>>> print(open('run-v8.cif').read())   # mmCIF, C-alpha atoms
data_structure
loop_
_atom_site.group_PDB
_atom_site.id
_atom_site.type_symbol
_atom_site.label_atom_id
_atom_site.label_comp_id
_atom_site.auth_asym_id
_atom_site.auth_seq_id
_atom_site.Cartn_x
_atom_site.Cartn_y
_atom_site.Cartn_z
ATOM 1 C CA MET A 1 2.938 -52.532 13.977
ATOM 2 C CA LYS A 2 1.018 -50.971 16.855
ATOM 3 C CA PRO A 3 0.248 -47.270 16.456
ATOM 4 C CA LEU A 4 2.710 -44.887 18.077
ATOM 5 C CA LEU A 5 0.826 -42.630 20.515
ATOM 6 C CA ILE A 6 2.394 -39.192 20.925
ATOM 7 C CA GLY A 7 1.021 -36.614 23.356
ATOM 8 C CA ILE A 8 1.718 -32.904 23.040
ATOM 9 C CA ALA A 9 0.875 -30.610 25.962
ATOM 10 C CA GLY A 10 1.977 -27.261 27.358
ATOM 11 C CA PRO A 11 0.641 -23.800 28.189
ATOM 12 C CA SER A 12 -2.235 -22.293 26.262
ATOM 13 C CA CYS A 13 -1.085 -20.635 23.027
ATOM 14 C CA SER A 14 2.309 -22.343 23.137
ATOM 15 C CA GLY A 15 1.952 -23.393 19.497
ATOM 16 C CA LYS A 16 0.729 -26.978 19.947
ATOM 17 C CA THR A 17 -2.015 -26.757 17.328
ATOM 18 C CA THR A 18 0.133 -24.958 14.765
ATOM 19 C CA ILE A 19 2.922 -27.507 15.134
ATOM 20 C CA ILE A 20 0.560 -30.470 14.799
ATOM 21 C CA LYS A 21 -1.145 -28.997 11.738
ATOM 22 C CA GLU A 22 2.248 -28.727 10.076
ATOM 23 C CA ILE A 23 3.135 -32.311 11.022
ATOM 24 C CA VAL A 24 -0.097 -33.893 9.767
ATOM 25 C CA LYS A 25 -0.155 -31.881 6.544
ATOM 26 C CA ASN A 26 0.150 -34.343 3.661
ATOM 27 C CA ASN A 27 0.721 -37.222 6.103
ATOM 28 C CA SER A 28 -2.156 -39.684 5.791
ATOM 29 C CA HIS A 29 -0.466 -42.103 8.206
ATOM 30 C CA ILE A 30 -1.021 -39.692 11.104
ATOM 31 C CA VAL A 31 -4.290 -39.222 13.014
ATOM 32 C CA ARG A 32 -4.818 -36.206 15.267
ATOM 33 C CA LEU A 33 -6.951 -36.247 18.422
ATOM 34 C CA LYS A 34 -7.764 -33.016 20.239
ATOM 35 C CA VAL A 35 -8.529 -32.982 23.958
ATOM 36 C CA ASP A 36 -10.784 -29.994 23.172
ATOM 37 C CA ASN A 37 -13.191 -32.491 21.600
ATOM 38 C CA TYR A 38 -13.699 -34.185 24.959
ATOM 39 C CA TRP A 39 -15.256 -31.316 26.910
ATOM 40 C CA LYS A 40 -18.125 -32.129 29.218
ATOM 41 C CA ASP A 41 -21.183 -29.865 29.115
ATOM 42 C CA LYS A 42 -19.786 -26.391 29.773
ATOM 43 C CA ASN A 43 -22.763 -25.638 32.021
ATOM 44 C CA THR A 44 -21.286 -28.088 34.539
ATOM 45 C CA PHE A 45 -17.964 -26.235 34.766
ATOM 46 C CA PRO A 46 -17.218 -24.603 38.139
ATOM 47 C CA LYS A 47 -17.084 -20.826 38.331
ATOM 48 C CA VAL A 48 -14.209 -18.778 39.706
ATOM 49 C CA LEU A 49 -14.592 -15.041 40.334
ATOM 50 C CA GLY A 50 -17.782 -15.194 38.265
ATOM 51 C CA TYR A 51 -16.046 -16.795 35.258
ATOM 52 C CA ARG A 52 -16.755 -20.256 33.899
ATOM 53 C CA ASN A 53 -13.530 -22.157 34.541
ATOM 54 C CA TRP A 54 -12.352 -23.966 31.390
ATOM 55 C CA ASP A 55 -8.999 -24.956 32.814
ATOM 56 C CA ARG A 56 -9.625 -27.903 35.146
ATOM 57 C CA PRO A 57 -9.065 -31.605 34.336
ATOM 58 C CA GLU A 58 -12.505 -32.652 35.607
ATOM 59 C CA ASN A 59 -14.060 -30.711 32.706
ATOM 60 C CA ILE A 60 -12.645 -33.292 30.278
ATOM 61 C CA LYS A 61 -14.074 -36.733 29.447
ATOM 62 C CA PHE A 62 -10.746 -38.425 29.999
ATOM 63 C CA ASP A 63 -12.468 -41.794 30.388
ATOM 64 C CA VAL A 64 -13.697 -41.531 26.784
ATOM 65 C CA LEU A 65 -10.284 -40.388 25.540
ATOM 66 C CA ALA A 66 -8.572 -43.267 27.356
ATOM 67 C CA LYS A 67 -10.970 -45.754 25.734
ATOM 68 C CA ASN A 68 -10.352 -44.253 22.289
ATOM 69 C CA LEU A 69 -6.593 -44.579 22.780
ATOM 70 C CA THR A 70 -6.954 -48.162 24.039
ATOM 71 C CA ASP A 71 -8.993 -49.057 20.947
ATOM 72 C CA LEU A 72 -6.529 -47.462 18.544
ATOM 73 C CA LYS A 73 -3.516 -49.016 20.220
ATOM 74 C CA ALA A 74 -5.206 -52.417 19.938
ATOM 75 C CA GLY A 75 -5.768 -51.872 16.216
ATOM 76 C CA ARG A 76 -9.503 -51.251 16.534
ATOM 77 C CA LYS A 77 -11.617 -48.513 14.991
ATOM 78 C CA THR A 78 -13.128 -46.150 17.532
ATOM 79 C CA GLU A 79 -15.734 -43.393 17.702
ATOM 80 C CA VAL A 80 -14.333 -40.077 18.880
ATOM 81 C CA PRO A 81 -16.498 -37.118 19.887
ATOM 82 C CA ILE A 82 -16.483 -33.828 18.021
ATOM 83 C CA CYS A 83 -17.133 -30.890 20.312
ATOM 84 C CA LYS A 84 -17.188 -27.139 19.832
ATOM 85 C CA LYS A 85 -16.621 -24.976 22.905
ATOM 86 C CA GLY A 86 -18.298 -27.437 25.223
ATOM 87 C CA GLN A 87 -21.176 -28.254 22.886
ATOM 88 C CA PHE A 88 -21.330 -31.825 21.547
ATOM 89 C CA ASP A 89 -21.624 -31.924 17.773
ATOM 90 C CA ARG A 90 -21.255 -35.521 16.547
ATOM 91 C CA ASN A 91 -19.137 -38.673 16.703
ATOM 92 C CA GLU A 92 -16.550 -39.520 14.087
ATOM 93 C CA LEU A 93 -15.311 -43.046 13.383
ATOM 94 C CA ILE A 94 -11.555 -43.209 12.989
ATOM 95 C CA LYS A 95 -9.247 -46.134 12.357
ATOM 96 C CA PRO A 96 -5.756 -46.724 13.727
ATOM 97 C CA THR A 97 -2.823 -45.434 11.731
ATOM 98 C CA GLN A 98 0.934 -45.613 12.190
ATOM 99 C CA ILE A 99 1.031 -42.486 14.374
ATOM 100 C CA ILE A 100 -1.640 -40.985 16.645
ATOM 101 C CA LEU A 101 -1.009 -37.414 17.802
ATOM 102 C CA VAL A 102 -2.932 -36.307 20.901
ATOM 103 C CA GLU A 103 -2.967 -32.605 21.692
ATOM 104 C CA GLY A 104 -4.222 -30.783 24.752
ATOM 105 C CA PHE A 105 -3.464 -28.211 27.427
ATOM 106 C CA LEU A 106 -4.532 -30.602 30.216
ATOM 107 C CA LEU A 107 -3.439 -33.855 28.540
ATOM 108 C CA PHE A 108 -0.745 -34.870 31.025
ATOM 109 C CA ALA A 109 -2.982 -34.208 34.046
ATOM 110 C CA ASP A 110 -4.820 -37.515 33.593
ATOM 111 C CA LYS A 111 -2.631 -40.472 34.609
ATOM 112 C CA LYS A 112 -4.635 -43.190 32.834
ATOM 113 C CA THR A 113 -4.433 -41.307 29.547
ATOM 114 C CA CYS A 114 -0.841 -40.234 30.053
ATOM 115 C CA ASP A 115 0.314 -43.794 30.768
ATOM 116 C CA GLN A 116 -0.863 -44.882 27.314
ATOM 117 C CA LEU A 117 1.373 -42.404 25.520
ATOM 118 C CA ASP A 118 4.585 -43.706 23.964
ATOM 119 C CA LEU A 119 6.118 -40.241 23.720
ATOM 120 C CA LYS A 120 5.247 -37.122 25.723
ATOM 121 C CA ILE A 121 6.216 -33.720 24.324
ATOM 122 C CA TYR A 122 5.841 -30.484 26.272
ATOM 123 C CA ILE A 123 5.861 -27.156 24.408
ATOM 124 C CA ASP A 124 7.000 -24.516 26.886
ATOM 125 C CA ILE A 125 6.628 -20.737 26.866
ATOM 126 C CA PRO A 126 6.940 -18.069 29.593
ATOM 127 C CA LYS A 127 3.886 -16.762 31.444
ATOM 128 C CA GLU A 128 3.944 -13.346 29.761
ATOM 129 C CA VAL A 129 4.078 -14.892 26.269
ATOM 130 C CA SER A 130 1.235 -17.322 26.974
ATOM 131 C CA ILE A 131 -1.036 -14.659 28.429
ATOM 132 C CA ASP A 132 -0.198 -12.090 25.751
ATOM 133 C CA ARG A 133 -0.984 -14.583 22.963
ATOM 134 C CA LYS A 134 -4.170 -15.668 24.743
ATOM 135 C CA ILE A 135 -5.427 -12.088 25.011
ATOM 136 C CA LYS A 136 -4.551 -11.351 21.372
ATOM 137 C CA ARG A 137 -6.401 -14.485 20.258
ATOM 138 C CA SER A 138 -9.460 -13.396 22.236
ATOM 139 C CA HIS A 139 -9.244 -9.938 20.665
ATOM 140 C CA ARG A 140 -9.127 -11.549 17.223
ATOM 141 C CA ASP A 141 -12.161 -13.748 17.909
ATOM 142 C CA TRP A 142 -14.151 -11.197 19.936
ATOM 143 C CA PRO A 143 -13.016 -7.698 18.898
ATOM 144 C CA ALA A 144 -15.250 -5.755 21.313
ATOM 145 C CA GLU A 145 -13.160 -3.998 23.953
ATOM 146 C CA LYS A 146 -15.113 -5.537 26.844
ATOM 147 C CA TYR A 147 -13.988 -9.009 25.778
ATOM 148 C CA VAL A 148 -10.350 -7.930 25.827
ATOM 149 C CA LYS A 149 -10.831 -6.834 29.422
ATOM 150 C CA ILE A 150 -12.550 -10.129 30.293
ATOM 151 C CA ALA A 151 -9.822 -12.167 28.580
ATOM 152 C CA THR A 152 -7.126 -10.235 30.427
ATOM 153 C CA GLU A 153 -8.698 -10.753 33.838
ATOM 154 C CA TYR A 154 -9.524 -14.407 33.150
ATOM 155 C CA SER A 155 -6.002 -15.134 31.909
ATOM 156 C CA HIS A 156 -4.344 -13.686 35.003
ATOM 157 C CA LYS A 157 -6.816 -14.753 37.685
ATOM 158 C CA VAL A 158 -8.127 -18.108 36.427
ATOM 159 C CA TYR A 159 -6.075 -19.575 33.586
ATOM 160 C CA TRP A 160 -2.570 -19.047 34.959
ATOM 161 C CA PRO A 161 -3.263 -20.244 38.541
ATOM 162 C CA GLU A 162 -4.904 -23.382 37.093
ATOM 163 C CA TYR A 163 -1.991 -23.881 34.729
ATOM 164 C CA LYS A 164 0.403 -23.843 37.698
ATOM 165 C CA LYS A 165 -1.690 -26.514 39.450
ATOM 166 C CA TYR A 166 -2.683 -28.829 36.603
ATOM 167 C CA VAL A 167 -0.189 -28.415 33.749
ATOM 168 C CA ARG A 168 3.219 -27.157 34.862
ATOM 169 C CA PRO A 169 3.769 -29.909 37.503
ATOM 170 C CA PHE A 170 3.688 -32.522 34.721
ATOM 171 C CA LYS A 171 6.329 -30.805 32.609
ATOM 172 C CA GLN A 172 9.074 -32.970 34.108
ATOM 173 C CA GLN A 173 7.261 -36.131 32.980
ATOM 174 C CA ALA A 174 7.777 -35.162 29.350
ATOM 175 C CA ASP A 175 10.263 -37.055 27.218
ATOM 176 C CA MET A 176 10.950 -33.893 25.210
ATOM 177 C CA ILE A 177 10.603 -30.227 26.162
ATOM 178 C CA LEU A 178 10.579 -27.776 23.263
ATOM 179 C CA ASP A 179 10.709 -23.983 23.218
ATOM 180 C CA GLY A 180 7.366 -22.589 22.045
ATOM 181 C CA THR A 181 8.999 -19.236 21.218
ATOM 182 C CA ALA A 182 11.357 -20.907 18.725
ATOM 183 C CA ASP A 183 10.659 -21.091 15.002
ATOM 184 C CA ILE A 184 7.669 -23.369 14.369
ATOM 185 C CA GLN A 185 9.415 -25.226 11.557
ATOM 186 C CA ASP A 186 12.394 -25.980 13.799
ATOM 187 C CA ASN A 187 10.101 -27.668 16.329
ATOM 188 C CA VAL A 188 8.277 -29.517 13.550
ATOM 189 C CA ILE A 189 11.587 -30.879 12.235
ATOM 190 C CA ILE A 190 12.636 -32.051 15.723
ATOM 191 C CA ILE A 191 9.348 -33.888 16.275
ATOM 192 C CA ILE A 192 9.273 -35.483 12.823
ATOM 193 C CA LYS A 193 12.854 -36.690 13.277
ATOM 194 C CA LYS A 194 11.899 -38.280 16.610
ATOM 195 C CA MET A 195 8.844 -39.932 15.067
ATOM 196 C CA GLN A 196 10.979 -41.364 12.280
ATOM 197 C CA GLU A 197 13.411 -42.792 14.848
ATOM 198 C CA LEU A 198 10.597 -44.450 16.804
ATOM 199 C CA THR A 199 8.892 -45.943 13.749
ATOM 200 C CA ALA A 200 12.042 -47.055 11.915
#
>>> encode(input="run-v8.cif", output="structure tokens")
Amino acid sequence: MKPLLIGIAGPSCSGKTTIIKEIVKNNSHIVRLKVDNYWKDKNTFPKVLGYRNWDRPENIKFDVLAKNLTDLKAGRKTEVPICKKGQFDRNELIKPTQIILVEGFLLFADKKTCDQLDLKIYIDIPKEVSIDRKIKRSHRDWPAEKYVKIATEYSHKVYWPEYKKYVRPFKQQADMILDGTADIQDNVIIIIKKMQELTA
């Protein structure tokens, strides 16, 4: 059986990572790929209003991701990059499994990658929820007050306008649209049920 490739996209802080972690927990037949591991060198990112813009598709090595997905779908092992905030760390060799989950804010913006997906899931949340969660996450990671101010301005002036251009237009291409404000376990159950149907 060829691996089932499932893509999960949606606004930042919509719960994609949390949902996937719950799905892959204790499931050795599922491999998880993160678009965040395919960043180009962050020093090449364009700047907007003095901020480094993390929210554009051209910042992602989609050609590498597409090759990795092609390899896995063909039943071949493949080397995937491991990246931390735009800094390359190492490659990791992974082998195809029954289900491949691919997660990323900008995932659906690349047609070549998107066309390889067997199921596209979009986790949706309102603007105010996405931005509020994004600012709170920044506050958690960088407690200094100046970073809260930076995160607030970036979220409103860079992240959300880019989201409207490069993420929201692809929402209608999704096979499933889930509510990111709903209970996490409810969304996990819906996705697992769909996976079971497709692999039965």
>>> resolve_selection(input="run-v8.cif", expression="the PyMOL selection byres ((chain A and resi 111-113) around 12)", output="ChimeraX atom specification")
/A:5-7,35,57,60-70,102-104,106-110,114-118,120,166,170,173
>>> closest_residue(input="run-v8.cif", among="A:Met195, A:Val24, A:Val129, A:Ile100", to="Thr181 of chain A", atoms="only C-alpha atoms")
A:Val129
>>> closest_residue(input="run-v8.cif", among="A:Ile184, A:Ile135, A:Leu4, A:Leu93", to="Tyr159 of chain A", atoms="only C-alpha atoms")
A:Ile135
>>> closest_residue(input="run-v8.cif", among="A:Val158, A:Ala182, A:Val148, A:Gly75", to="Trp54 of chain A", atoms="only C-alpha atoms")
A:Val158
>>> closest_residue(input="run-v8.cif", among="A:Asn27, A:Thr44, A:Asn37, A:Thr18", to="Ile192 of chain A", atoms="all atoms listed in the file")
A:Asn27
>>> residues_near_point(input="run-v8.cif", point="(-16.9, -33.6, 29.0)", cutoff="6 Å", atoms="all atoms listed in the file", output="JSON, numbers by chain")
{"A": [38, 39, 40, 41, 59, 60, 61]}
>>> atom_distance(input="run-v8.cif", atom1="atom CA of Lys95 of chain A", atom2="atom CA of Lys2 of chain A")
12.2 Å
>>> closest_residue(input="run-v8.cif", among="A:Ser130, A:Asn91, A:Thr199, A:Ser138", to="Gly10 of chain A", atoms="only C-alpha atoms")
A:Ser130
>>> resolve_selection(input="run-v8.cif", expression="the PyMOL selection byres ((chain A and resi 155) around 12)", output="PyMOL selection string")
chain A and resi 11-13+48+51+53-55+127-138+147-154+156-163
>>> resolve_selection(input="run-v8.cif", expression="the PyMOL selection byres ((chain A and resi 31) around 7)", output="PyMOL selection string")
chain A and resi 29-30+32-33+97+99-101
